[in-house]
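A.B. asks: Contents of protein_9.txt (compact mmCIF, C-alpha atoms):
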```
# COMPACT_ATOMS: atom_id res chain seq x y z
CA MET A 1 -9.78 -57.37 -58.64
CA LYS A 2 -9.37 -53.90 -60.06
CA ILE A 3 -7.42 -51.19 -58.28
CA THR A 4 -7.89 -47.48 -58.91
CA LEU A 5 -5.61 -44.82 -57.47
CA VAL A 6 -7.11 -41.36 -57.14
CA LYS A 7 -4.57 -38.55 -57.01
CA LYS A 8 -5.31 -34.96 -56.15
CA ILE A 9 -4.47 -31.72 -57.85
CA LYS A 10 -4.93 -28.86 -55.43
CA ALA A 11 -7.24 -25.97 -56.20
CA ASP A 12 -4.28 -23.76 -57.09
CA GLY A 13 -3.14 -26.29 -59.69
CA SER A 14 -0.20 -27.63 -57.73
CA PRO A 15 0.24 -31.36 -57.21
CA CYS A 16 -0.47 -32.97 -53.86
CA GLN A 17 2.81 -33.85 -52.15
CA LYS A 18 1.51 -37.07 -50.62
CA CYS A 19 0.14 -38.22 -53.98
CA ARG A 20 3.60 -37.73 -55.42
CA ASP A 21 5.21 -39.58 -52.51
CA ILE A 22 2.85 -42.50 -52.94
CA SER A 23 3.44 -42.70 -56.68
CA ASP A 24 7.19 -42.68 -56.02
CA ARG A 25 6.84 -45.46 -53.48
CA LEU A 26 4.73 -47.59 -55.81
CA GLU A 27 7.19 -47.07 -58.64
CA ALA A 28 10.20 -47.82 -56.43
CA SER A 29 8.65 -51.05 -55.21
CA ASP A 30 7.56 -52.01 -58.74
CA GLN A 31 3.95 -52.09 -57.56
CA MET A 32 2.60 -49.45 -59.89
CA LYS A 33 2.00 -52.23 -62.39
CA LEU A 34 -0.62 -53.59 -59.96
CA ILE A 35 -2.61 -50.37 -60.18
CA HIS A 36 -5.07 -50.68 -63.04
CA GLN A 37 -6.14 -47.08 -63.26
CA VAL A 38 -4.96 -43.70 -62.02
CA ILE A 39 -7.45 -40.87 -62.09
CA ILE A 40 -7.24 -37.26 -61.03
CA ALA A 41 -9.32 -35.42 -58.47
CA ASP A 42 -8.93 -31.80 -59.47
CA GLU A 43 -10.14 -29.61 -56.64
CA ALA A 44 -10.75 -26.82 -59.12
CA ASN A 45 -13.01 -29.04 -61.19
CA PRO A 46 -15.76 -30.86 -59.27
CA ALA A 47 -16.62 -32.72 -62.48
CA SER A 48 -13.16 -34.28 -62.77
CA PRO A 49 -13.29 -38.10 -62.59
CA GLY A 50 -11.56 -38.30 -59.22
CA MET A 51 -13.82 -35.70 -57.62
CA LEU A 52 -16.89 -37.50 -58.91
CA LEU A 53 -15.64 -40.83 -57.61
CA ALA A 54 -14.79 -39.26 -54.22
CA SER A 55 -18.28 -37.81 -54.05
CA GLU A 56 -19.88 -41.11 -55.02
CA LEU A 57 -17.93 -42.98 -52.36
CA SER A 58 -18.12 -40.20 -49.73
CA VAL A 59 -14.36 -39.87 -49.54
CA ASN A 60 -13.08 -36.56 -48.24
CA ARG A 61 -9.34 -37.01 -48.57
CA ALA A 62 -6.84 -37.89 -51.21
CA PRO A 63 -4.95 -39.78 -52.37
CA PHE A 64 -7.09 -42.85 -51.99
CA PHE A 65 -7.41 -46.31 -53.51
CA VAL A 66 -10.57 -48.07 -54.64
CA VAL A 67 -10.39 -51.84 -54.76
CA GLU A 68 -13.15 -53.46 -56.79
CA HIS A 69 -13.54 -57.14 -56.03
CA GLU A 70 -15.17 -59.88 -58.05
CA GLY A 71 -18.90 -59.37 -57.84
CA GLY A 72 -18.56 -55.62 -57.71
CA ARG A 73 -17.89 -55.07 -54.00
CA ARG A 74 -15.77 -51.97 -53.56
CA GLU A 75 -13.40 -51.10 -50.75
CA VAL A 76 -11.89 -47.68 -50.19
CA TYR A 77 -8.46 -47.20 -48.67
CA THR A 78 -7.39 -43.74 -47.59
CA VAL A 79 -4.41 -45.05 -45.62
CA TYR A 80 -1.58 -46.03 -47.96
CA PHE A 81 0.18 -48.45 -45.63
CA LYS A 82 -3.08 -50.21 -44.83
CA PHE A 83 -3.69 -50.60 -48.55
CA VAL A 84 -0.29 -52.03 -49.38
CA LYS A 85 -0.40 -54.35 -46.39
CA GLU A 86 -3.90 -55.70 -46.96
CA ILE A 87 -4.15 -55.65 -50.74
CA LEU A 88 -0.59 -55.89 -52.00
CA ASN A 89 0.60 -58.06 -49.10
CA GLN A 90 3.54 -55.80 -48.49
CA ILE A 91 5.32 -55.89 -45.16
CA THR A 92 5.16 -52.45 -43.55
CA SER A 93 6.82 -51.06 -40.46
CA GLU A 94 4.81 -49.75 -37.56
CA GLU A 95 6.80 -46.52 -37.69
CA GLU A 96 5.71 -45.94 -41.28
CA GLU A 97 2.08 -46.68 -40.48
CA LEU A 98 2.02 -44.41 -37.43
CA ALA A 99 3.76 -41.60 -39.29
CA GLU A 100 1.13 -41.74 -42.02
CA ILE A 101 -1.73 -41.70 -39.53
CA MET A 102 -0.19 -38.71 -37.77
CA HIS A 103 0.42 -36.88 -41.02
CA ASP A 104 -3.06 -37.45 -42.40
CA ASN A 105 -5.02 -36.75 -39.24
CA PRO A 106 -4.05 -33.40 -37.76
CA ASP A 107 -7.19 -33.58 -35.63
CA LEU A 108 -5.34 -36.15 -33.51
CA ASP A 109 -3.08 -33.39 -32.24
CA TYR A 110 -5.35 -32.73 -29.28
CA ILE A 111 -6.10 -36.30 -28.24
CA MET B 1 -21.12 -55.12 -34.07
CA SER B 2 -24.05 -54.56 -36.38
CA ILE B 3 -23.92 -50.78 -36.59
CA THR B 4 -23.40 -49.73 -40.19
CA GLU B 5 -21.73 -46.67 -41.64
CA ASN B 6 -25.15 -45.46 -42.73
CA ASP B 7 -26.37 -45.69 -39.11
CA VAL B 8 -23.44 -43.59 -37.97
CA ASN B 9 -23.94 -41.00 -40.70
CA GLN B 10 -27.58 -40.78 -39.69
CA TRP B 11 -26.58 -40.23 -36.06
CA ALA B 12 -24.15 -37.53 -37.14
CA SER B 13 -27.02 -35.78 -38.85
CA ASP B 14 -29.67 -36.40 -36.19
CA TYR B 15 -27.43 -35.42 -33.27
CA LYS B 16 -25.51 -32.53 -34.76
CA ASP B 17 -27.54 -29.97 -32.81
CA LYS B 18 -28.04 -32.04 -29.69
CA SER B 19 -26.29 -31.57 -26.37
CA PRO B 20 -23.01 -33.28 -25.49
CA GLN B 21 -24.92 -35.27 -22.86
CA ASP B 22 -27.33 -36.58 -25.51
CA ILE B 23 -24.46 -37.56 -27.79
CA LEU B 24 -22.59 -39.18 -24.92
CA THR B 25 -25.71 -41.10 -23.91
CA LEU B 26 -26.08 -42.35 -27.47
CA ALA B 27 -22.45 -43.49 -27.56
CA LEU B 28 -22.56 -45.25 -24.20
CA GLU B 29 -25.83 -46.98 -24.97
CA ALA B 30 -25.17 -47.93 -28.59
CA VAL B 31 -21.67 -49.34 -28.15
CA ASP B 32 -20.86 -51.69 -25.29
CA ASN B 33 -17.12 -51.80 -25.72
CA ILE B 34 -16.41 -48.08 -25.78
CA ALA B 35 -14.02 -45.84 -23.85
CA ILE B 36 -13.47 -42.16 -23.21
CA SER B 37 -10.12 -40.77 -24.24
CA PHE B 38 -9.07 -38.37 -21.47
CA SER B 39 -6.11 -36.06 -21.99
CA GLY B 40 -6.02 -34.64 -18.48
CA ALA B 41 -7.36 -31.25 -19.54
CA GLU B 42 -10.75 -29.74 -20.32
CA ASP B 43 -12.11 -33.03 -21.63
CA VAL B 44 -12.66 -33.85 -17.97
CA VAL B 45 -16.21 -32.66 -18.67
CA LEU B 46 -16.78 -35.94 -20.54
CA VAL B 47 -15.87 -37.93 -17.45
CA ASP B 48 -18.20 -35.81 -15.34
CA MET B 49 -21.06 -36.15 -17.84
CA ALA B 50 -20.52 -39.90 -18.23
CA SER B 51 -20.57 -40.37 -14.45
CA LYS B 52 -24.09 -38.91 -14.44
CA ILE B 53 -25.27 -41.16 -17.27
CA LYS B 54 -23.80 -44.52 -16.39
CA LYS B 55 -22.09 -46.08 -13.41
CA ASP B 56 -19.46 -48.08 -15.24
CA PHE B 57 -17.58 -46.62 -18.16
CA GLN B 58 -14.06 -47.02 -19.49
CA VAL B 59 -11.52 -44.21 -19.53
CA PHE B 60 -8.01 -44.25 -20.93
CA THR B 61 -5.22 -41.72 -21.23
CA LEU B 62 -2.07 -41.52 -23.28
CA ASP B 63 0.88 -41.15 -20.95
CA THR B 64 3.58 -39.92 -23.28
CA GLY B 65 6.15 -39.69 -20.51
CA ARG B 66 6.42 -35.95 -21.10
CA LEU B 67 3.33 -34.68 -19.29
CA HIS B 68 3.42 -31.99 -16.62
CA PRO B 69 3.45 -33.08 -12.96
CA GLU B 70 0.21 -31.11 -12.60
CA THR B 71 -1.42 -33.35 -15.20
CA TYR B 72 -0.35 -36.53 -13.43
CA ARG B 73 -1.75 -35.17 -10.17
CA PHE B 74 -4.96 -34.22 -11.96
CA LEU B 75 -5.36 -37.73 -13.40
CA ASP B 76 -5.13 -39.12 -9.87
CA GLN B 77 -7.60 -36.52 -8.62
CA ILE B 78 -10.14 -37.56 -11.26
CA ARG B 79 -9.57 -41.23 -10.57
CA GLU B 80 -10.41 -40.64 -6.90
CA LYS B 81 -13.31 -38.23 -7.34
CA TYR B 82 -15.20 -40.30 -9.90
CA GLY B 83 -14.05 -43.74 -8.77
CA VAL B 84 -12.97 -44.67 -12.29
CA GLN B 85 -9.96 -46.57 -13.47
CA ILE B 86 -7.98 -44.47 -15.92
CA GLU B 87 -6.02 -46.87 -18.04
CA ALA B 88 -2.68 -45.32 -18.99
CA MET B 89 -1.27 -46.30 -22.35
CA TYR B 90 2.49 -45.97 -22.77
CA PRO B 91 4.81 -45.69 -25.77
CA ASN B 92 6.56 -48.79 -27.00
CA ALA B 93 9.88 -48.90 -25.14
CA ASP B 94 11.90 -50.12 -28.13
CA GLN B 95 10.53 -47.39 -30.37
CA ILE B 96 11.21 -44.67 -27.80
CA GLU B 97 14.74 -45.91 -27.20
CA LYS B 98 15.44 -45.91 -30.92
CA PHE B 99 13.87 -42.50 -31.40
CA ILE B 100 15.81 -40.87 -28.55
CA LYS B 101 19.04 -42.50 -29.64
CA GLU B 102 18.66 -41.16 -33.17
CA LYS B 103 17.09 -37.77 -32.51
CA GLY B 104 17.51 -36.81 -28.86
CA TYR B 105 14.87 -35.40 -26.55
CA PHE B 106 13.87 -32.22 -28.36
CA SER B 107 14.03 -32.99 -32.07
CA PHE B 108 10.50 -31.66 -32.55
CA TYR B 109 11.79 -28.09 -32.24
CA GLN B 110 13.94 -28.67 -35.33
CA ASP B 111 11.72 -31.04 -37.30
CA ASP B 112 8.11 -30.91 -36.21
CA HIS B 113 6.04 -32.63 -33.56
CA LYS B 114 4.61 -35.36 -35.77
CA GLU B 115 7.36 -37.95 -35.45
CA CYS B 116 7.50 -37.66 -31.67
CA CYS B 117 3.70 -37.71 -31.40
CA SER B 118 3.47 -40.74 -33.64
CA VAL B 119 5.74 -42.70 -31.28
CA ARG B 120 4.51 -41.31 -27.97
CA LYS B 121 0.79 -40.92 -28.71
CA ILE B 122 -0.42 -42.54 -31.89
CA GLY B 123 1.21 -45.92 -31.32
CA PRO B 124 -0.27 -46.34 -27.83
CA LEU B 125 -3.59 -44.93 -29.06
CA ARG B 126 -3.79 -47.42 -31.89
CA ARG B 127 -2.91 -50.27 -29.53
CA LYS B 128 -5.79 -49.27 -27.23
CA LEU B 129 -8.26 -48.68 -30.05
CA GLU B 130 -7.56 -52.13 -31.46
CA THR B 131 -9.34 -53.47 -28.37
CA LEU B 132 -12.43 -51.26 -28.66
CA ASP B 133 -15.52 -50.97 -30.84
CA GLY B 134 -15.81 -47.25 -30.20
CA TRP B 135 -14.13 -44.30 -28.55
CA ILE B 136 -15.21 -40.92 -27.27
CA THR B 137 -13.05 -37.84 -27.64
CA GLY B 138 -13.12 -34.26 -26.42
CA GLN B 139 -12.37 -32.91 -29.89
CA ARG B 140 -13.98 -29.57 -30.64
CA LYS B 141 -14.29 -27.71 -33.90
CA ASP B 142 -12.91 -24.52 -32.42
CA GLN B 143 -9.70 -26.04 -31.08
CA SER B 144 -7.54 -25.46 -34.11
CA PRO B 145 -8.04 -23.16 -37.05
CA GLY B 146 -8.23 -25.17 -40.23
CA THR B 147 -7.92 -28.72 -39.04
CA ARG B 148 -11.09 -29.28 -37.03
CA THR B 149 -13.82 -27.50 -38.89
CA ASN B 150 -15.31 -30.84 -39.96
CA VAL B 151 -15.46 -32.68 -36.65
CA PRO B 152 -18.77 -34.61 -36.76
CA VAL B 153 -20.46 -35.71 -33.55
CA ALA B 154 -20.32 -39.33 -34.72
CA GLN B 155 -18.26 -41.02 -37.40
CA VAL B 156 -16.70 -44.26 -38.52
CA ASP B 157 -13.03 -43.81 -37.72
CA ALA B 158 -11.07 -43.96 -40.96
CA ALA B 159 -7.65 -44.01 -39.33
CA PHE B 160 -8.01 -46.81 -36.81
CA ALA B 161 -9.84 -50.11 -36.53
CA GLY B 162 -11.21 -52.15 -33.66
CA PRO B 163 -11.32 -55.95 -33.38
CA SER B 164 -14.22 -56.14 -35.85
CA GLY B 165 -12.38 -54.05 -38.39
CA GLN B 166 -14.65 -51.11 -37.70
CA LEU B 167 -14.25 -48.44 -35.06
CA LEU B 168 -16.80 -45.79 -34.15
CA LYS B 169 -15.78 -42.39 -32.91
CA PHE B 170 -17.96 -39.96 -31.01
CA ASN B 171 -17.09 -36.32 -30.45
CA PRO B 172 -19.76 -35.03 -28.04
CA LEU B 173 -18.06 -31.65 -27.59
CA ALA B 174 -17.61 -31.04 -31.32
CA ASN B 175 -19.98 -28.10 -31.40
CA TRP B 176 -19.13 -26.63 -28.03
CA SER B 177 -16.81 -23.68 -27.63
CA SER B 178 -14.12 -23.42 -24.99
CA GLU B 179 -16.39 -20.93 -23.24
CA GLN B 180 -19.19 -23.49 -23.02
CA VAL B 181 -16.81 -26.12 -21.67
CA TRP B 182 -15.70 -23.76 -18.94
CA ALA B 183 -19.23 -22.70 -18.14
CA TYR B 184 -20.00 -26.40 -17.58
CA ILE B 185 -16.90 -26.87 -15.42
CA ARG B 186 -17.87 -23.92 -13.20
CA ALA B 187 -21.57 -24.73 -13.03
CA ASN B 188 -20.95 -28.36 -12.09
CA ASP B 189 -17.95 -27.80 -9.84
CA VAL B 190 -15.81 -30.08 -12.00
CA PRO B 191 -12.14 -30.33 -10.98
CA TYR B 192 -9.66 -28.95 -13.48
CA ASN B 193 -5.94 -29.13 -14.15
CA ASP B 194 -4.00 -26.59 -12.03
CA LEU B 195 -2.14 -25.51 -15.17
CA HIS B 196 -5.26 -23.67 -16.29
CA GLU B 197 -4.69 -21.23 -13.43
CA GLN B 198 -1.26 -20.47 -14.84
CA GLY B 199 -2.48 -19.36 -18.25
CA PHE B 200 -2.50 -22.71 -20.02
CA ILE B 201 -5.55 -23.32 -22.16
CA SER B 202 -4.77 -26.39 -24.27
CA ILE B 203 -2.60 -28.86 -22.36
CA GLY B 204 -0.44 -31.60 -23.80
CA CYS B 205 3.17 -32.61 -23.32
CA GLU B 206 5.31 -30.20 -21.30
CA PRO B 207 7.81 -29.25 -24.03
CA CYS B 208 5.03 -28.56 -26.55
CA THR B 209 2.66 -26.59 -24.33
CA ARG B 210 2.91 -23.01 -23.13
CA PRO B 211 0.62 -20.49 -21.47
CA ILE B 212 -0.97 -17.92 -23.72
CA LEU B 213 -2.04 -14.32 -23.38
CA PRO B 214 -5.60 -13.03 -23.32
CA ASN B 215 -7.30 -13.30 -26.72
CA GLN B 216 -4.68 -15.57 -28.22
CA HIS B 217 -6.12 -18.68 -29.84
CA GLU B 218 -5.50 -21.81 -27.79
CA ARG B 219 -3.63 -23.31 -30.72
CA GLU B 220 -0.92 -20.71 -30.07
CA GLY B 221 -0.13 -22.51 -26.86
CA ARG B 222 0.75 -25.72 -28.72
CA TRP B 223 3.56 -26.30 -31.26
CA TRP B 224 3.86 -22.53 -31.61
CA TRP B 225 6.97 -22.85 -33.77
CA GLU B 226 4.98 -24.58 -36.50
CA GLU B 227 2.44 -23.40 -39.02
CA ALA B 228 -0.92 -23.70 -37.26
CA THR B 229 -3.15 -24.45 -40.18
CA ALA B 230 -0.98 -26.71 -42.32
CA LYS B 231 -3.30 -29.12 -44.06
CA GLU B 232 -2.61 -31.28 -47.04
CA CYS B 233 -4.75 -34.33 -47.48
CA GLY B 234 -8.31 -33.06 -47.43
CA LEU B 235 -10.28 -33.10 -50.65
CA HIS B 236 -12.24 -29.92 -51.11
CA ALA B 237 -14.09 -28.89 -54.21
CA GLU B 238 -13.17 -25.29 -54.96
CA THR B 239 -16.81 -24.41 -55.48
CA ASN B 240 -17.60 -25.50 -51.94
CA LYS B 241 -15.02 -23.28 -50.33
CA SER B 242 -16.33 -20.47 -48.21
```
As structure tokens, what does this structure read like?
C.D. replies:
Amino acid sequence: MKITLVKKIKADGSPCQKCRDISDRLEASDQMKLIHQVIIADEANPASPGMLLASELSVNRAPFFVVEHEGGRREVYTVYFKFVKEILNQITSEEEELAEIMHDNPDLDYI
Amino acid sequence: MSITENDVNQWASDYKDKSPQDILTLALEAVDNIAISFSGAEDVVLVDMASKIKKDFQVFTLDTGRLHPETYRFLDQIREKYGVQIEAMYPNADQIEKFIKEKGYFSFYQDDHKECCSVRKIGPLRRKLETLDGWITGQRKDQSPGTRTNVPVAQVDAAFAGPSGQLLKFNPLANWSSEQVWAYIRANDVPYNDLHEQGFISIGCEPCTRPILPNQHEREGRWWWEEATAKECGLHAETNKS
């Protein structure tokens, strides 16, 4: 299994806050060593590796994880807590999961 | 469920210019275990449309515990008029108790609405969606500047999952304007929430909803103390920006 983390740099050159938060969490939990590759999706450069990968996989948000299994099957995770729960077998709290969903999906405001 | 992501993407393309009734028909016919999410506001048009397409359909609502009395009365009115059960989903009692104990009843005015919404709405929503293969929302592109410009009429839900691990989401009103919704309500004599007669356009929880003035965007009647277009996690190539 190979895990790729795609982090975003915003069009104005500033780093994405959630990408930074996720990196901090992975470092703090000593899980960054389980990530095989970190690549950048630079919104100002559509040819950057992360933007190309997002386009190839039809992903429209970042950060995201790509998990490549034996045999080449790939899974995309755009929800951090889902990724750490399912792939890294980390125990997560429901509050953390719900907060991430709410943060990442402003369209849910009007449900 | 044997519907693939490619099928859904094809529907999104094929139905993007079709009527809400066509999209709703597709959703109700393609997915057996599907429900309409009804907020007690303008999305009542979905209930009216569904009642003309199919006799039996599921409807649920998220009762946050902070809705207006008018909204509760309206939910009962719709239940009676259309003869449908409206399943109310409630927040987890332990989580609410903890939240209120730590932050009080109005912390969203100091922080923002997300933490409260995650406990009162998103938790119950996820619990309901875990039982479904698909859901139908009243989301429209014109509801909020910035955050809803990419609402497709059909999609695989990336945030939630049903029992099979996949959840489909249909947004039949995605391309309708508020004006079109209200034209439908008037033309079809659809009941509406009494709050609309008091200047409310978008209706949610009582503390986070207010009436607006003529020509204000409906978003200004919700979470008005926050930045309306805050958006962080989308991935947008600069060259594609308009």
A.B. asks: What is the distance between atom CA of B:Asp94 and atom CA of B:Leu129, in Å to one decimal?
C.D. replies: 20.3 Å
A.B. asks: Of the candidates B:Ala183, B:Phe108, B:His236, B:Arg140, which shows the shortest atom-to-atom distance to A:Ala44, using all atoms listed in the file?
C.D. replies: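 Looking at the shortest contact to A:Ala44, the residue is B:His236.
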A.B. asks: Which residues are near B:Asn193? Cut-off 8 Å, all atoms listed in the file, ignore same chain within fewer than 4 positions. Put them as a list in words.
C.D. replies: Gly40, Ala41, Glu42, Glu70, Thr71 and Phe74 of chain B
A.B. asks: Restrict the selected residues to C-alpha atoms and save them as a PDB file, in the frame of the given file.
C.D. replies:
```
ATOM      1  CA  GLY B  40      -6.020 -34.640 -18.480  1.00  0.00           C
ATOM      2  CA  ALA B  41      -7.360 -31.250 -19.540  1.00  0.00           C
ATOM      3  CA  GLU B  42     -10.750 -29.740 -20.320  1.00  0.00           C
ATOM      4  CA  GLU B  70       0.210 -31.110 -12.600  1.00  0.00           C
ATOM      5  CA  THR B  71      -1.420 -33.350 -15.200  1.00  0.00           C
ATOM      6  CA  PHE B  74      -4.960 -34.220 -11.960  1.00  0.00           C
TER       7      PHE B  74
END
```
A.B. asks: Go through B:Ile122, B:Leu24, B:Ala159, B:Val84 one by one, measure the shortest atom-to-atom distance of each to B:Asp63 using all atoms listed in the file, and give the residue with the smallest value.
C.D. replies: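 Closest residue, counting all atoms listed in the file: B:Ile122.
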A.B. asks: Restricting the calculation to only C-alpha atoms: of B:Phe60, B:Tyr184, B:Phe106, B:Tyr90, which residue gets closest to chain A?
C.D. replies: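 Of B:Phe60, B:Tyr184, B:Phe106, B:Tyr90, the one nearest chain A, counting only C-alpha atoms, is B:Phe60.
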A.B. asks: Interatomic distance between atom CA of B:Lys81 and atom CA of B:Gly138?
C.D. replies: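 Calculated distance between atom CA of B:Lys81 and atom CA of B:Gly138 is 19.5 Å.
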A.B. asks: Which residues come within 8 Å of stretch 48-54 of chain A, counting all atoms listed in the file, excluding same-chain residues fewer than 5 positions away, as a list of chain:residue names?
C.D. replies: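 Counting all atoms listed in the file, the residues come to A:Val6, A:Lys7, A:Lys8, A:Ile39, A:Ile40, A:Ala41, A:Asp42, A:Glu43, A:Val59, A:Asn60, B:Ala237.
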